[in-house]
>>> print(open('final.txt').read())   # compact mmCIF, C-alpha atoms (C1' of nucleotides)
# COMPACT_ATOMS: atom_id res chain seq x y z
CA MET W 1 -6.48 -15.95 14.36
CA PHE W 2 -8.10 -13.12 12.41
CA SER W 3 -6.33 -11.09 9.73
CA LYS W 4 -5.41 -7.54 10.67
CA THR W 5 -8.06 -6.33 8.26
CA CYS W 6 -10.64 -8.40 10.11
CA GLU W 7 -9.52 -7.14 13.52
CA TYR W 8 -9.93 -3.56 12.35
CA ALA W 9 -13.29 -4.43 10.81
CA ILE W 10 -14.69 -5.87 14.02
CA ARG W 11 -13.43 -2.97 16.09
CA ALA W 12 -14.85 -0.45 13.63
CA VAL W 13 -18.24 -2.10 13.44
CA ILE W 14 -18.53 -2.21 17.22
CA PHE W 15 -17.57 1.45 17.30
CA ILE W 16 -20.15 2.37 14.67
CA ALA W 17 -22.83 0.29 16.37
CA ARG W 18 -22.23 2.14 19.58
CA GLU W 19 -22.50 5.55 17.96
CA SER W 20 -25.58 4.47 16.04
CA LYS W 21 -27.32 3.90 19.31
CA ASP W 22 -27.68 7.65 19.66
CA GLY W 23 -28.59 7.97 16.00
CA ARG W 24 -25.19 9.44 15.19
CA ARG W 25 -23.33 8.91 11.96
CA VAL W 26 -19.56 8.80 12.18
CA GLY W 27 -16.90 9.72 9.63
CA VAL W 28 -13.83 7.71 8.69
CA ARG W 29 -11.46 9.99 10.60
CA GLU W 30 -13.46 9.70 13.79
CA ILE W 31 -13.63 5.92 13.47
CA ALA W 32 -9.92 5.58 12.79
CA GLN W 33 -9.25 7.75 15.81
CA GLY W 34 -11.69 5.79 17.95
CA ILE W 35 -10.22 2.37 17.21
CA GLY W 36 -6.59 3.36 16.66
CA SER W 37 -6.28 2.33 13.01
CA PRO W 38 -4.80 3.89 9.86
CA VAL W 39 -7.38 6.24 8.34
CA TYR W 40 -7.11 5.22 4.70
CA PHE W 41 -6.95 1.56 5.50
CA ILE W 42 -10.10 1.47 7.60
CA ALA W 43 -11.80 3.55 4.89
CA LYS W 44 -11.25 0.73 2.41
CA ILE W 45 -12.51 -1.87 4.84
CA LEU W 46 -15.64 0.13 5.61
CA GLN W 47 -16.28 0.48 1.91
CA GLU W 48 -16.30 -3.28 1.63
CA LEU W 49 -18.57 -3.78 4.62
CA SER W 50 -20.92 -1.15 3.28
CA LYS W 51 -21.08 -2.82 -0.11
CA LYS W 52 -21.99 -6.08 1.61
CA GLY W 53 -24.75 -4.38 3.55
CA ILE W 54 -23.29 -5.00 7.00
CA ILE W 55 -23.08 -1.29 7.67
CA GLN W 56 -24.77 1.69 6.06
CA SER W 57 -23.33 4.95 4.83
CA LEU W 58 -24.35 8.36 3.59
CA LYS W 59 -22.22 10.79 1.60
CA GLY W 60 -21.94 14.52 2.07
CA PRO W 61 -22.11 16.79 5.11
CA THR W 62 -23.69 15.16 8.17
CA GLY W 63 -22.95 11.92 6.32
CA GLY W 64 -20.88 9.04 7.58
CA PHE W 65 -21.26 5.41 8.60
CA TYR W 66 -24.04 4.00 10.73
CA MET W 67 -26.05 0.86 11.32
CA ASP W 68 -29.79 0.52 11.02
CA GLY W 69 -31.94 -1.75 13.18
CA GLN W 70 -31.64 -4.70 10.80
CA SER W 71 -27.88 -4.50 10.57
CA LEU W 72 -27.57 -4.73 14.33
CA ASP W 73 -28.75 -8.30 13.98
CA TYR W 74 -25.56 -9.20 12.15
CA THR W 75 -23.13 -11.28 14.17
CA LEU W 76 -19.38 -11.40 14.55
CA ALA W 77 -19.44 -14.49 12.37
CA ASP W 78 -20.95 -12.43 9.56
CA ILE W 79 -18.14 -9.91 9.76
CA VAL W 80 -15.43 -12.52 9.98
CA VAL W 81 -16.80 -14.43 7.00
CA ALA W 82 -17.26 -11.21 5.01
CA ILE W 83 -13.60 -10.28 5.48
CA ASP W 84 -11.63 -13.48 6.04
CA GLY W 85 -13.96 -16.02 4.50
CA ASP W 86 -14.93 -19.19 6.32
CA LYS W 87 -11.57 -20.92 6.34
CA LEU W 88 -11.16 -20.33 10.07
CA LEU W 89 -14.60 -21.73 10.83
CA THR W 90 -14.70 -24.72 8.54
CA GLY W 91 -11.18 -25.42 7.24
CA CYS W 92 -8.66 -28.01 8.47
CA ALA W 93 -6.33 -26.85 11.23
CA LEU W 94 -3.38 -28.21 9.24
CA GLY W 95 -4.53 -26.65 5.98
CA LEU W 96 -5.42 -29.92 4.29
CA ASN W 97 -8.12 -29.61 1.66
CA GLU W 98 -9.22 -33.21 1.72
CA CYS W 99 -9.39 -33.45 5.48
CA SER W 100 -12.78 -34.82 6.52
CA GLU W 101 -14.52 -37.06 9.02
CA LYS W 102 -13.75 -40.05 6.82
CA ARG W 103 -10.20 -39.02 6.02
CA PRO W 104 -9.14 -36.92 8.99
CA CYS W 105 -5.80 -35.36 9.72
CA PRO W 106 -4.19 -36.37 13.01
CA LEU W 107 -5.70 -33.33 14.72
CA HIS W 108 -9.14 -33.44 13.17
CA PHE W 109 -11.14 -34.71 16.10
CA GLU W 110 -9.23 -32.73 18.66
CA PHE W 111 -9.93 -29.50 16.81
CA ARG W 112 -13.49 -30.20 15.82
CA HIS W 113 -14.77 -29.34 19.24
CA ILE W 114 -12.80 -26.15 19.68
CA ARG W 115 -13.71 -24.94 16.22
CA LYS W 116 -17.37 -25.55 16.97
CA GLU W 117 -17.14 -23.49 20.10
CA LEU W 118 -15.42 -20.68 18.28
CA HIS W 119 -18.07 -20.73 15.60
CA ALA W 120 -20.86 -20.76 18.15
CA LEU W 121 -19.34 -17.85 20.00
CA LEU W 122 -19.03 -15.76 16.87
CA ALA W 123 -22.44 -16.75 15.56
CA ARG W 124 -24.36 -15.94 18.71
CA THR W 125 -22.73 -12.55 19.33
CA LYS W 126 -24.86 -9.91 17.67
CA LEU W 127 -23.77 -6.34 17.18
CA SER W 128 -26.76 -5.14 19.20
CA GLU W 129 -25.30 -7.04 22.13
CA LEU W 130 -21.82 -5.58 21.77
CA GLN W 131 -23.39 -2.17 21.44
CA ASP W 132 -24.39 -2.39 25.06
CA LYS W 133 -21.15 -3.93 26.22
CA PHE W 134 -18.99 -1.25 24.75
CA ASP W 135 -21.36 1.23 26.28
CA ALA W 136 -20.40 0.02 29.72
CA SER W 137 -17.31 2.24 29.80
CA ILE W 138 -14.83 -0.38 31.00
CA PHE W 139 -14.20 -1.73 27.54
CA TYR W 140 -11.91 -0.18 25.03
CA LEU W 141 -11.24 -0.52 21.34
CA GLY W 142 -7.84 1.00 20.78
CA SER W 143 -8.33 4.73 21.12
CA LYS W 144 -5.57 4.84 23.80
CA MET E 1 -5.46 -19.83 12.65
CA PHE E 2 -1.89 -21.00 12.02
CA SER E 3 0.37 -19.57 9.34
CA LYS E 4 1.01 -21.75 6.34
CA THR E 5 4.57 -22.17 7.55
CA CYS E 6 3.26 -23.45 10.85
CA GLU E 7 0.82 -25.85 9.22
CA TYR E 8 3.64 -27.36 7.19
CA ALA E 9 5.83 -27.49 10.29
CA ILE E 10 3.28 -29.44 12.31
CA ARG E 11 2.61 -31.84 9.49
CA ALA E 12 6.32 -32.38 8.91
CA VAL E 13 7.10 -32.97 12.55
CA ILE E 14 4.31 -35.53 12.86
CA PHE E 15 5.66 -37.22 9.76
CA ILE E 16 9.20 -37.27 11.10
CA ALA E 17 8.03 -38.51 14.49
CA ARG E 18 6.26 -41.38 12.85
CA GLU E 19 9.32 -42.41 10.85
CA SER E 20 11.55 -42.03 13.88
CA LYS E 21 9.54 -44.71 15.59
CA ASP E 22 11.31 -47.27 13.43
CA GLY E 23 14.60 -45.49 13.89
CA ARG E 24 14.49 -44.16 10.36
CA ARG E 25 15.89 -40.83 9.26
CA VAL E 26 14.03 -39.06 6.47
CA GLY E 27 15.27 -36.65 3.83
CA VAL E 28 13.67 -33.37 2.80
CA ARG E 29 12.34 -34.78 -0.45
CA GLU E 30 10.65 -37.67 1.27
CA ILE E 31 9.08 -35.37 3.85
CA ALA E 32 7.81 -32.91 1.25
CA GLN E 33 6.33 -35.82 -0.65
CA GLY E 34 4.80 -37.27 2.48
CA ILE E 35 3.03 -34.11 3.56
CA GLY E 36 2.38 -32.51 0.17
CA SER E 37 4.50 -29.40 0.59
CA PRO E 38 7.02 -27.52 -1.57
CA VAL E 39 10.43 -29.14 -1.13
CA TYR E 40 12.56 -26.03 -0.73
CA PHE E 41 10.07 -24.39 1.55
CA ILE E 42 9.81 -27.24 4.01
CA ALA E 43 13.59 -27.48 3.94
CA LYS E 44 13.84 -23.96 5.32
CA ILE E 45 11.27 -24.67 8.00
CA LEU E 46 13.01 -27.86 9.09
CA GLN E 47 16.27 -25.95 9.32
CA GLU E 48 14.62 -23.61 11.77
CA LEU E 49 13.09 -26.38 13.84
CA SER E 50 16.41 -28.17 13.89
CA LYS E 51 18.21 -25.05 15.08
CA LYS E 52 15.69 -24.76 17.91
CA GLY E 53 16.25 -28.36 18.92
CA ILE E 54 12.72 -29.54 18.24
CA ILE E 55 13.94 -32.02 15.66
CA GLN E 56 17.36 -33.53 15.01
CA SER E 57 19.29 -33.87 11.78
CA LEU E 58 22.36 -35.50 10.33
CA LYS E 59 24.15 -34.58 7.13
CA GLY E 60 25.53 -36.87 4.48
CA PRO E 61 24.47 -40.27 3.16
CA THR E 62 22.02 -42.09 5.44
CA GLY E 63 21.47 -38.67 6.96
CA GLY E 64 18.20 -36.82 7.29
CA PHE E 65 15.79 -35.60 9.93
CA TYR E 66 14.67 -37.52 12.98
CA MET E 67 13.53 -37.10 16.54
CA ASP E 68 15.20 -38.52 19.60
CA GLY E 69 13.38 -39.67 22.71
CA GLN E 70 13.59 -36.29 24.39
CA SER E 71 12.22 -34.43 21.41
CA LEU E 72 9.15 -36.61 21.35
CA ASP E 73 8.15 -34.89 24.57
CA TYR E 74 7.70 -31.62 22.72
CA THR E 75 4.11 -30.57 22.24
CA LEU E 76 2.16 -28.90 19.47
CA ALA E 77 2.30 -25.71 21.51
CA ASP E 78 6.10 -25.81 21.31
CA ILE E 79 6.00 -26.02 17.53
CA VAL E 80 3.38 -23.31 17.17
CA VAL E 81 5.29 -20.95 19.45
CA ALA E 82 8.58 -21.73 17.70
CA ILE E 83 7.11 -20.78 14.32
CA ASP E 84 4.27 -18.32 14.91
CA GLY E 85 5.18 -16.98 18.33
CA ASP E 86 2.67 -16.86 21.16
CA LYS E 87 0.35 -14.21 19.72
CA LEU E 88 -2.34 -16.79 19.04
CA LEU E 89 -2.14 -18.17 22.55
CA THR E 90 -1.82 -14.99 24.57
CA GLY E 91 -2.68 -12.00 22.36
CA CYS E 92 -5.96 -10.09 22.13
CA ALA E 93 -8.48 -11.40 19.61
CA LEU E 94 -8.90 -7.89 18.24
CA GLY E 95 -5.16 -7.22 18.11
CA LEU E 96 -5.11 -4.66 20.89
CA ASN E 97 -1.80 -4.48 22.74
CA GLU E 98 -3.14 -2.98 25.92
CA CYS E 99 -6.05 -5.37 26.20
CA SER E 100 -6.07 -6.92 29.69
CA GLU E 101 -8.31 -8.10 32.45
CA LYS E 102 -8.47 -4.58 33.82
CA ARG E 103 -8.87 -2.89 30.46
CA PRO E 104 -10.54 -5.51 28.31
CA CYS E 105 -11.74 -5.24 24.75
CA PRO E 106 -15.42 -6.03 24.20
CA LEU E 107 -14.59 -9.64 23.37
CA HIS E 108 -11.99 -10.26 26.05
CA PHE E 109 -14.00 -12.42 28.41
CA GLU E 110 -15.79 -14.27 25.67
CA PHE E 111 -12.50 -15.28 24.09
CA ARG E 112 -10.56 -16.00 27.25
CA HIS E 113 -12.21 -19.36 27.66
CA ILE E 114 -11.81 -20.51 24.10
CA ARG E 115 -8.21 -19.39 23.97
CA LYS E 116 -7.51 -21.32 27.15
CA GLU E 117 -8.98 -24.45 25.66
CA LEU E 118 -6.94 -24.05 22.51
CA HIS E 119 -3.79 -23.56 24.53
CA ALA E 120 -4.56 -26.58 26.72
CA LEU E 121 -5.17 -28.72 23.66
CA LEU E 122 -1.89 -27.72 22.04
CA ALA E 123 0.08 -27.98 25.27
CA ARG E 124 -1.10 -31.45 26.22
CA THR E 125 -0.60 -33.00 22.79
CA LYS E 126 2.87 -34.49 22.67
CA LEU E 127 4.54 -35.69 19.53
CA SER E 128 4.91 -39.14 21.03
CA GLU E 129 1.13 -39.28 21.17
CA LEU E 130 0.62 -38.17 17.58
CA GLN E 131 3.24 -40.68 16.53
CA ASP E 132 0.80 -43.40 17.46
CA LYS E 133 -2.25 -41.68 16.01
CA PHE E 134 -0.69 -41.22 12.61
CA ASP E 135 0.37 -44.81 12.81
CA ALA E 136 -3.25 -45.89 12.87
CA SER E 137 -3.52 -45.69 9.09
CA ILE E 138 -6.78 -43.78 8.91
CA PHE E 139 -5.11 -40.43 9.31
CA TYR E 140 -3.41 -38.56 6.55
CA LEU E 141 -1.07 -35.62 6.24
CA GLY E 142 -1.38 -34.44 2.68
CA SER E 143 0.42 -37.07 0.62
CA LYS E 144 -2.74 -37.52 -1.51
C1' DA J 1 -26.47 27.42 -7.90
C1' DA J 2 -22.07 27.20 -5.54
C1' DA J 3 -19.18 25.68 -1.97
C1' DA J 4 -18.19 22.40 1.32
C1' DT J 5 -18.26 17.84 3.06
C1' DA J 6 -17.73 12.96 3.11
C1' DA J 7 -17.88 8.38 1.09
C1' DA J 8 -16.71 5.52 -3.35
C1' DA J 9 -13.55 4.16 -6.56
C1' DG J 10 -9.26 3.32 -8.41
C1' DA J 11 -4.49 3.20 -8.64
C1' DG J 12 -0.62 2.90 -6.40
C1' DT J 13 3.39 1.52 -2.61
C1' DT J 14 5.43 -1.06 1.21
C1' DT J 15 5.95 -4.93 3.97
C1' DT J 16 5.36 -9.66 5.09
C1' DT J 17 4.69 -14.26 3.79
C1' DT J 18 5.44 -17.86 0.83
C1' DG J 19 8.21 -20.18 -2.23
C1' DT J 20 12.70 -21.05 -5.22
C1' DC J 21 17.43 -21.74 -6.34
C1' DT J 22 22.53 -21.99 -5.69
C1' DT J 23 26.55 -22.56 -2.95
C1' DT J 24 28.72 -24.35 1.13
C1' DT J 25 29.58 -27.64 4.80
C1' DA J 26 29.33 -32.05 7.07
C1' DT J 27 29.13 -37.04 6.80
C1' DT J 28 29.41 -41.50 4.88
C1' DA J 29 30.62 -45.15 1.72
C1' DA J 30 33.46 -46.92 -1.81
C1' DT S 1 41.00 -40.10 0.19
C1' DT S 2 37.73 -39.35 -3.23
C1' DA S 3 33.03 -39.28 -4.70
C1' DA S 4 28.44 -39.12 -3.41
C1' DT S 5 24.89 -37.62 -0.43
C1' DA S 6 22.18 -34.60 2.34
C1' DA S 7 21.46 -30.71 5.38
C1' DA S 8 22.86 -25.58 6.29
C1' DA S 9 23.20 -21.11 4.69
C1' DG S 10 22.32 -17.29 1.95
C1' DA S 11 20.39 -14.83 -1.68
C1' DC S 12 16.43 -14.20 -4.61
C1' DA S 13 11.53 -14.10 -6.63
C1' DA S 14 6.53 -14.12 -6.46
C1' DA S 15 2.32 -13.43 -4.19
C1' DA S 16 -0.49 -11.70 -0.66
C1' DA S 17 -1.52 -8.54 2.98
C1' DA S 18 -1.27 -4.10 4.78
C1' DC S 19 -1.29 0.52 3.96
C1' DT S 20 -1.40 5.30 1.16
C1' DC S 21 -2.92 8.74 -1.93
C1' DT S 22 -5.70 11.01 -5.61
C1' DT S 23 -9.80 11.58 -8.18
C1' DT S 24 -14.71 11.07 -8.59
C1' DT S 25 -19.47 11.05 -7.03
C1' DA S 26 -23.21 12.02 -3.93
C1' DT S 27 -25.28 15.03 -0.54
C1' DT S 28 -26.12 19.05 2.09
C1' DT S 29 -25.78 23.71 3.54
C1' DT S 30 -25.35 28.51 2.37
>>> encode(input="final.txt", output="C-alpha cells")
Amino acid sequence: MFSKTCEYAIRAVIFIARESKDGRRVGVREIAQGIGSPVYFIAKILQELSKKGIIQSLKGPTGGFYMDGQSLDYTLADIVVAIDGDKLLTGCALGLNECSEKRPCPLHFEFRHIRKELHALLARTKLSELQDKFDASIFYLGSK
Amino acid sequence: MFSKTCEYAIRAVIFIARESKDGRRVGVREIAQGIGSPVYFIAKILQELSKKGIIQSLKGPTGGFYMDGQSLDYTLADIVVAIDGDKLLTGCALGLNECSEKRPCPLHFEFRHIRKELHALLARTKLSELQDKFDASIFYLGSK
DNA sequence: AAAATAAAAGAGTTTTTTGTCTTTTATTAA
DNA sequence: TTAATAAAAGACAAAAAACTCTTTTATTTT
C-alpha cells in the first residue's frame, strides 16, 4: 500500500509529534530506536520532511526534530503525498493512465468508493489527533 | 497499491477471460498488445500464473493462453495473492510485524475497516463476472 | 573562542523490481 | 516426419527503492 519509506515516515512523524507534546526535541538515533528503523535511512527521510515543512528541526546540542503547533495540523494524507505522491489516492488501480469516468477500466467503479474512503481517512487524520492516541500507551510503533 | 507486475497480471487475466468466452486461445503478443504491456514481461507473468493454475496454456500452433470453466471462478484476490502475496490484505498499514488487535499500531483500527472492504471487493469479484464487464465495450485495458 | 553536538548534504552501495533476450520443449499442420 | 509455431525456462540488463557512510554546516555549551 505505502512504500517502506512512507511507512517509516508516518511512524517517525507520529513519534516526533508525541515527543513534541512535552516540548521535547528528538534526535535521529532516538527516533530510529523508537520506531525500529535504520538510523541513516530515517535520517534521509526526516531531511525531506523537514525541507517540506511538515516537521521542524534544529541543529546543534539540544537540537533535534520537533513539530510546532501549525505542523500538528498536517494530516496523514499530507505525509503520504509528500513521500509517495498521489498515485495511491488518485491513480487507476490497474495502473492505466487514461482511465477515467468516461473511459473506465473494468475495476474503475468498484474501486472508486474504496479509494475515496481511504483518502477521507488519511485526510481527516491530523497529527494532533495521533499524538493523543499514541499517548494512550496501548499503541506501539516498532520499538519492540 | 498493487505492484506493476500485479497490475499487468490482472489486466492480462481479464483480457484472456474475455477471449476465452468465445473459446479462443490468445498468444503473448496479442495479450501484450491488448493490455499495453511489454511483451517479454507479461510472458513471464503469464508463465507464473499458468504454473499456479490460474490460467491455462497450450504450446504450438493454435496454442496460447486461455481459461477453462473452473478457472473463471478464481477471483481478483486469488490473482493478487498469487503475485503480491497477502501483505496488502492482512499486513499492518505501517509495516509493523507485531501489529495486532492486542498490540495495535496507532492506525490499526482505522485501517481495519478499509482493509476489510478491499479484501471483500477483491474476493467477491470473479473472473467470470469481469468477463462480461469487459465485454460491454465501454471498458478498456490499456490497448490505447 | 574552542569543543562538542546534531542535522544537512552529498555520494555511494545493495537489493528488489521491472524489463529484455536467447535457448529449449511441446504441439500442430503440412 | 519435418517445419513452423508458441509457451517454458533460464540468464541477463536496467531502473528504482532501500539502505549506508562521510563530510559539511549550524548551534550550543564550556
>>> residues_around(input="final.txt", residues="Ile42 in chain W", least_positions_apart="6", cutoff="8 Å", atoms="only C-alpha atoms (C1' of nucleotides)", output="list of chain:residue names")
W:Tyr8, W:Ala9, W:Ala12, W:Val28, W:Ala32
>>> atom_distance(input="final.txt", atom1="CA of Val39 in chain W", atom2="C1' of DA18 in chain S")
12.5 Å
>>> atom_distance(input="final.txt", atom1="CA of Ala77 in chain E", atom2="CA of Lys52 in chain E")
13.9 Å
>>> residues_near_point(input="final.txt", point="(-0.7, 7.6, -1.5)", cutoff="8 Å", atoms="only C-alpha atoms (C1' of nucleotides)", output="PyMOL selection string")
(chain J and resi 12-13) or (chain S and resi 20-22)
>>> atom_distance(input="final.txt", atom1="C1' of DT30 in chain S", atom2="CA of Gly60 in chain W")
14.4 Å
>>> interface_residues(input="final.txt", of="chain W", to="chain J", cutoff="12 Å", atoms="all atoms listed in the file", output="JSON, numbers by chain")
{"W": [25, 26, 27, 28, 29, 30, 40, 43, 44, 45, 46, 47, 48, 50, 51, 56, 57, 58, 59, 60, 61, 62, 63, 64, 65]}
>>> closest_atom_pairs(input="final.txt", of="chain W", to="chain E", cutoff="7 Å", atoms="only C-alpha atoms", output="tab-separated table")
residue	atom	partner	partner_atom	distance
W:Met1	CA	E:Met1	CA	4.4
W:Glu7	CA	E:Leu94	CA	4.8
W:Leu88	CA	E:Met1	CA	6.3
W:Leu94	CA	E:Glu7	CA	4.8
W:Gly95	CA	E:Glu7	CA	6.3
W:Leu96	CA	E:Gly142	CA	6.3
W:Arg103	CA	E:Phe139	CA	6.2
W:Pro104	CA	E:Phe139	CA	5.4
W:Cys105	CA	E:Tyr140	CA	5.1
W:Pro106	CA	E:Phe139	CA	5.6
W:Ile114	CA	E:Leu118	CA	6.8
W:Leu118	CA	E:Ile114	CA	6.9
W:Leu130	CA	E:Pro106	CA	6.9
W:Lys133	CA	E:Pro106	CA	6.4
W:Phe134	CA	E:Pro106	CA	6.0
W:Ile138	CA	E:Arg103	CA	6.5
W:Phe139	CA	E:Cys105	CA	5.1
W:Tyr140	CA	E:Cys105	CA	5.1
W:Leu141	CA	E:Cys105	CA	5.8
W:Gly142	CA	E:Leu96	CA	6.3
>>> closest_residue(input="final.txt", among="S:DC19, S:DA26, S:DA13, S:DA4", to="chain E", atoms="only C-alpha atoms (C1' of nucleotides)")
S:DA4
>>> interface_residues(input="final.txt", of="chain S", to="chain E", cutoff="10 Å", atoms="all atoms listed in the file", output="JSON, numbers by chain")
{"S": [4, 5, 6, 7, 8, 9]}
>>> residues_near_point(input="final.txt", point="(7.9, -38.1, 23.8)", cutoff="12 Å", atoms="all atoms listed in the file", output="PyMOL selection string")
chain E and resi 14+17-18+20-21+54-55+67-76+124-132
>>> write_last_selection(input="final.txt", atoms="C-alpha atoms", output="PDB file, in the frame of the given file")
ATOM      1  CA  ILE E  14       4.310 -35.530  12.860  1.00  0.00           C
ATOM      2  CA  ALA E  17       8.030 -38.510  14.490  1.00  0.00           C
ATOM      3  CA  ARG E  18       6.260 -41.380  12.850  1.00  0.00           C
ATOM      4  CA  SER E  20      11.550 -42.030  13.880  1.00  0.00           C
ATOM      5  CA  LYS E  21       9.540 -44.710  15.590  1.00  0.00           C
ATOM      6  CA  ILE E  54      12.720 -29.540  18.240  1.00  0.00           C
ATOM      7  CA  ILE E  55      13.940 -32.020  15.660  1.00  0.00           C
ATOM      8  CA  MET E  67      13.530 -37.100  16.540  1.00  0.00           C
ATOM      9  CA  ASP E  68      15.200 -38.520  19.600  1.00  0.00           C
ATOM     10  CA  GLY E  69      13.380 -39.670  22.710  1.00  0.00           C
ATOM     11  CA  GLN E  70      13.590 -36.290  24.390  1.00  0.00           C
ATOM     12  CA  SER E  71      12.220 -34.430  21.410  1.00  0.00           C
ATOM     13  CA  LEU E  72       9.150 -36.610  21.350  1.00  0.00           C
ATOM     14  CA  ASP E  73       8.150 -34.890  24.570  1.00  0.00           C
ATOM     15  CA  TYR E  74       7.700 -31.620  22.720  1.00  0.00           C
ATOM     16  CA  THR E  75       4.110 -30.570  22.240  1.00  0.00           C
ATOM     17  CA  LEU E  76       2.160 -28.900  19.470  1.00  0.00           C
ATOM     18  CA  ARG E 124      -1.100 -31.450  26.220  1.00  0.00           C
ATOM     19  CA  THR E 125      -0.600 -33.000  22.790  1.00  0.00           C
ATOM     20  CA  LYS E 126       2.870 -34.490  22.670  1.00  0.00           C
ATOM     21  CA  LEU E 127       4.540 -35.690  19.530  1.00  0.00           C
ATOM     22  CA  SER E 128       4.910 -39.140  21.030  1.00  0.00           C
ATOM     23  CA  GLU E 129       1.130 -39.280  21.170  1.00  0.00           C
ATOM     24  CA  LEU E 130       0.620 -38.170  17.580  1.00  0.00           C
ATOM     25  CA  GLN E 131       3.240 -40.680  16.530  1.00  0.00           C
ATOM     26  CA  ASP E 132       0.800 -43.400  17.460  1.00  0.00           C
TER      27      ASP E 132
END
>>> decode(input="final.txt", residues="chain S", atoms="C-alpha atoms (C1' of nucleotides)", output="PDB file, in the first residue's frame")
ATOM      1  C1'  DT S   1       8.368 -36.760 -40.212  1.00  0.00           C
ATOM      2  C1'  DT S   2       9.699 -32.225 -40.971  1.00  0.00           C
ATOM      3  C1'  DA S   3       8.869 -27.393 -40.490  1.00  0.00           C
ATOM      4  C1'  DA S   4       6.534 -23.955 -38.152  1.00  0.00           C
ATOM      5  C1'  DT S   5       4.572 -22.133 -34.086  1.00  0.00           C
ATOM      6  C1'  DA S   6       4.137 -20.840 -29.363  1.00  0.00           C
ATOM      7  C1'  DA S   7       4.904 -21.369 -24.462  1.00  0.00           C
ATOM      8  C1'  DA S   8       8.600 -22.670 -20.751  1.00  0.00           C
ATOM      9  C1'  DA S   9      12.891 -21.905 -18.850  1.00  0.00           C
ATOM     10  C1'  DG S  10      16.924 -19.566 -17.772  1.00  0.00           C
ATOM     11  C1'  DA S  11      20.110 -15.989 -17.903  1.00  0.00           C
ATOM     12  C1'  DC S  12      20.811 -11.087 -18.217  1.00  0.00           C
ATOM     13  C1'  DA S  13      20.250  -5.822 -18.014  1.00  0.00           C
ATOM     14  C1'  DA S  14      18.278  -1.505 -16.418  1.00  0.00           C
ATOM     15  C1'  DA S  15      15.899   1.180 -13.178  1.00  0.00           C
ATOM     16  C1'  DA S  16      14.051   2.107  -8.815  1.00  0.00           C
ATOM     17  C1'  DA S  17      13.833   1.520  -3.927  1.00  0.00           C
ATOM     18  C1'  DA S  18      16.082   0.758   0.240  1.00  0.00           C
ATOM     19  C1'  DC S  19      19.900   1.492   2.882  1.00  0.00           C
ATOM     20  C1'  DT S  20      24.952   3.235   4.347  1.00  0.00           C
ATOM     21  C1'  DC S  21      28.676   6.269   5.125  1.00  0.00           C
ATOM     22  C1'  DT S  22      31.436  10.606   5.083  1.00  0.00           C
ATOM     23  C1'  DT S  23      31.831  15.466   5.000  1.00  0.00           C
ATOM     24  C1'  DT S  24      29.879  19.935   5.853  1.00  0.00           C
ATOM     25  C1'  DT S  25      27.200  23.382   8.298  1.00  0.00           C
ATOM     26  C1'  DA S  26      24.706  25.280  12.138  1.00  0.00           C
ATOM     27  C1'  DT S  27      24.135  25.714  17.067  1.00  0.00           C
ATOM     28  C1'  DT S  28      25.198  25.490  21.822  1.00  0.00           C
ATOM     29  C1'  DT S  29      27.847  24.840  25.880  1.00  0.00           C
ATOM     30  C1'  DT S  30      32.156  25.350  28.278  1.00  0.00           C
TER      31       DT S  30
END
